[in-house]
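Have a look at the structure below, then the notes.
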Amino acid sequence: MRGGDKAAVARALAHLERAPEGSDTLALLDAAYAAPRAHVIGVTGPPGVGKSTLLGALVRAFRGQGHSVGVIAVDPSSRRTGGALLGDRVRLLTDPEDAGVFVRSMAARDRLGGLAEMTVAAMVLMRAVYDVVLIETVGVGQSETDVAGVADTVLFCVQPGSGDSLQFMKAGIVEIPDVAVVTKADMGRPARRALVALKGALSLNAAGRDGWEVRALTVSAQGTSGEAGEIDGLIQALDTHRDWLAEGDRLTRQRHRQSEQWLREALRDRHGRVGLARAGSLSLGPGESPFSRLAEIAARL
């Protein structure tokens, strides 16, 4: 996988879904967890905002910089079969011959947080293989905040005409982004008005950002150099947040909190609140993998 074999990554992810608790799966996940490499970016926002189009532009920009890119596209699920509807995958135009890009679709099933159950495990695996991992959420609306527990950097997308500052606040989702963009900047005045409203909503939560000032800008996925909505400005904002996380041990502490949160939620999903109460301490040691810990606690319960 580290050598860029896309078929090997596909086989590993397929095995992960078939046998998530197998000893070989746990060994692979533990090894990947101990060797993080990628900057993980979660892309969220309501349906129709242009997440897939923007994601395609980001992939091309990162590849232009020489970075390898892994993409997890969490799709709505078919009510009949439970499988992914693949809408995001179809819109995301990438070169199938490019060994430096790998795209995987996952069905959200009945999860309301915008992510599939296996997203964290898949992210950890791809994080050890690629330079950048992009996670596109379903786009269901107000409940879609799980991505903050998975990504290093959360990119929140809105479109012109999405409402005023009060509407953004009411959605609750303005509490989670590190970078926010108004898409379809080529619409002009409506995009500029949306940017003002977005900045107003984000400023009300500035105290809870640990010193990080959320970047807000307009973006056109079709933008060219010199335009206000060019992709280069967005890449720079994402890189600035990555560099900010790298200062001190911010990134290590954030990923540690996310791992403990995932462990807690996974236990609750499998064993309910009673099982969670009987599990005892769920704190992880420095660098300890949550996957083996989950298996150990589940076996004891």
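Chain lettering (A, B, ...) mirrors the order of the structure tokens, residue numbering begins at 1 for each chain separately, and ligand numbering begins at 1 in order of display.
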Subject >> Surrounding residues of region 265-274 of chain A excluding itself and chain neighbours under 5 positions, 10 Å, only C-alpha atoms, as a ChimeraX atom specification >> reply: /A:117,259-260,279,282,290-291,294-295,297-298,301
Original post:
Could you name the residues that touch Leu54 (chain A) at 10 Å or less, counting only C-alpha atoms, but leaving out those on the same chain fewer than 4 positions away, as number ranges by chain?
Top reply: A: 43, 49-50, 58-60, 92, 157, 183-184, 219-222, 231
Residues from the last selection, C-alpha atoms, saved as a compact mmCIF listing (two decimals), in the first residue's frame:
# COMPACT_ATOMS: atom_id res chain seq x y z
CA VAL A 43 -15.44 18.46 3.84
CA VAL A 49 -23.51 23.17 -2.12
CA GLY A 50 -20.93 21.75 -4.53
CA LEU A 58 -8.79 20.16 -4.36
CA VAL A 59 -7.60 16.76 -5.59
CA ARG A 60 -6.23 18.31 -8.77
CA LEU A 92 -15.86 13.42 -8.39
CA CYS A 157 -19.12 24.76 2.67
CA THR A 183 -18.92 28.19 -2.95
CA LYS A 184 -19.97 29.43 -6.38
CA VAL A 219 -14.30 29.89 -3.66
CA SER A 220 -15.21 29.01 -7.19
CA ALA A 221 -14.22 25.48 -8.15
CA GLN A 222 -13.79 26.82 -11.68
CA ILE A 231 -8.50 27.30 -5.16
**OP:** Write out as a ChimeraX atom specification which residues come within 6 Å of Val129 (chain A) when counting only C-alpha atoms, dropping same-chain ones fewer than 2 positions away.
**Re:** /A:2,126-127
Original post:
Could you name the residues that touch Gly161 (chain A) at 8 Å or less, counting only C-alpha atoms, but leaving out those on the same chain fewer than 2 positions away, as a ChimeraX atom specification?
Top reply: /A:159,163,190-191,194
Restricted to C-alpha atoms, what would the selected residues look like written as a CSV table (one decimal), in the first residue's frame?
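Dumped everything to selection_34.csv:
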chain,number,residue,atom,x,y,z
A,159,GLN,CA,-23.6,28.5,-1.0
A,163,GLY,CA,-29.5,32.5,4.9
A,190,PRO,CA,-25.0,37.0,-3.4
A,191,ALA,CA,-21.7,35.2,-2.6
A,194,ALA,CA,-23.2,35.1,2.2
Subject >> Point-to-point distance in Å for CA of Gly45 (chain A) and CA of Val147 (chain A) >> reply: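 Straight-line distance from CA of Val147 (chain A) to CA of Gly45 (chain A) works out to 10.7 Å.
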Original post:
Quick one: residues within 12 Å of Leu245 (chain A), only C-alpha atoms counted, chain neighbours fewer than 2 positions away excluded, as a count of residues only?
Top reply: 25
Subject >> Nearest to Val138 (chain A) by atom-to-atom distance, counting only C-alpha atoms, from A:Pro20, A:Pro46, A:Gly56, A:Gly200 >> reply: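 Result for the nearest residue to Val138 (chain A): A:Pro46.
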**OP:** Please provide as a PyMOL selection string all residues within 9 Å of Gln258 (chain A), with the sequence filter that same-chain residues fewer than 6 positions apart are discarded (counting only C-alpha atoms).
**Re:** chain A and resi 148-151
**OP:** Work out how far CA of Val154 (chain A) is from CA of Ala7 (chain A), in Å to one decimal.
**Re:**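 One can read the CA of Ala7 (chain A) to CA of Val154 (chain A) distance as 28.5 Å.
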**OP:** Quick one: everything within 12 Å of Leu195 (chain A), counting only C-alpha atoms, minus sequence neighbours fewer than 2 positions away in the same chain. Send it as a VMD selection string.
**Re:** chain A and resid 157 to 165 168 180 to 185 188 to 193 197 to 202 215 to 219 229
Original post:
Nearest to Ala12 (chain A) among A:Ser289, A:Ser281, A:Thr25, A:Ser203, with distances taken over only C-alpha atoms: which residue is it?
Top reply: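 Selected residue with least distance to Ala12 (chain A): A:Thr25.
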Original post:
Just how far from CA of Gly280 (chain A) is CA of Met118 (chain A), in Å to one decimal?
Top reply: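 Taking CA of Met118 (chain A) as the start and CA of Gly280 (chain A) as the end point, the length is 24.2 Å.
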**OP:** Per DSSP on the backbone, filter region 17-73 of chain A down to the residues in strand (DSSP E) and report them as a list in words.
**Re:**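 The residues of region 17-73 of chain A classed as strand (DSSP E) are His39, Val40, Ile41, Gly42, Val43, Thr44, Val69, Gly70, Val71, Ile72 and Ala73 of chain A.
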Could those selected residues go to a file with C-alpha atoms, as a PDB file, in the first residue's frame?
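Contents of out.pdb, as written:
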ATOM      1  CA  HIS A  39      -3.254  15.718   6.701  1.00  0.00           C
ATOM      2  CA  VAL A  40      -6.900  14.650   7.102  1.00  0.00           C
ATOM      3  CA  ILE A  41      -9.435  17.181   5.803  1.00  0.00           C
ATOM      4  CA  GLY A  42     -13.162  16.719   6.353  1.00  0.00           C
ATOM      5  CA  VAL A  43     -15.437  18.460   3.841  1.00  0.00           C
ATOM      6  CA  THR A  44     -18.995  19.041   5.026  1.00  0.00           C
ATOM      7  CA  VAL A  69      -4.440  11.893  -2.181  1.00  0.00           C
ATOM      8  CA  GLY A  70      -6.914   9.440  -0.677  1.00  0.00           C
ATOM      9  CA  VAL A  71     -10.636  10.262  -0.782  1.00  0.00           C
ATOM     10  CA  ILE A  72     -13.429   8.764   1.317  1.00  0.00           C
ATOM     11  CA  ALA A  73     -16.801   9.734  -0.151  1.00  0.00           C
TER      12      ALA A  73
END
Original post:
Which one is closest to Leu134 (chain A): A:Asp98, A:Gly287, A:Leu55, A:Glu175? Count only C-alpha atoms.
Top reply: A:Leu55
**OP:** Point out the residue among A:Leu263, A:Met106, A:Ala19, A:Val101 with the least atom-to-atom distance to Glu288 (chain A), counting only C-alpha atoms.
**Re:**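 Of A:Leu263, A:Met106, A:Ala19, A:Val101, the one nearest Glu288 (chain A) is A:Leu263, counting only C-alpha atoms.
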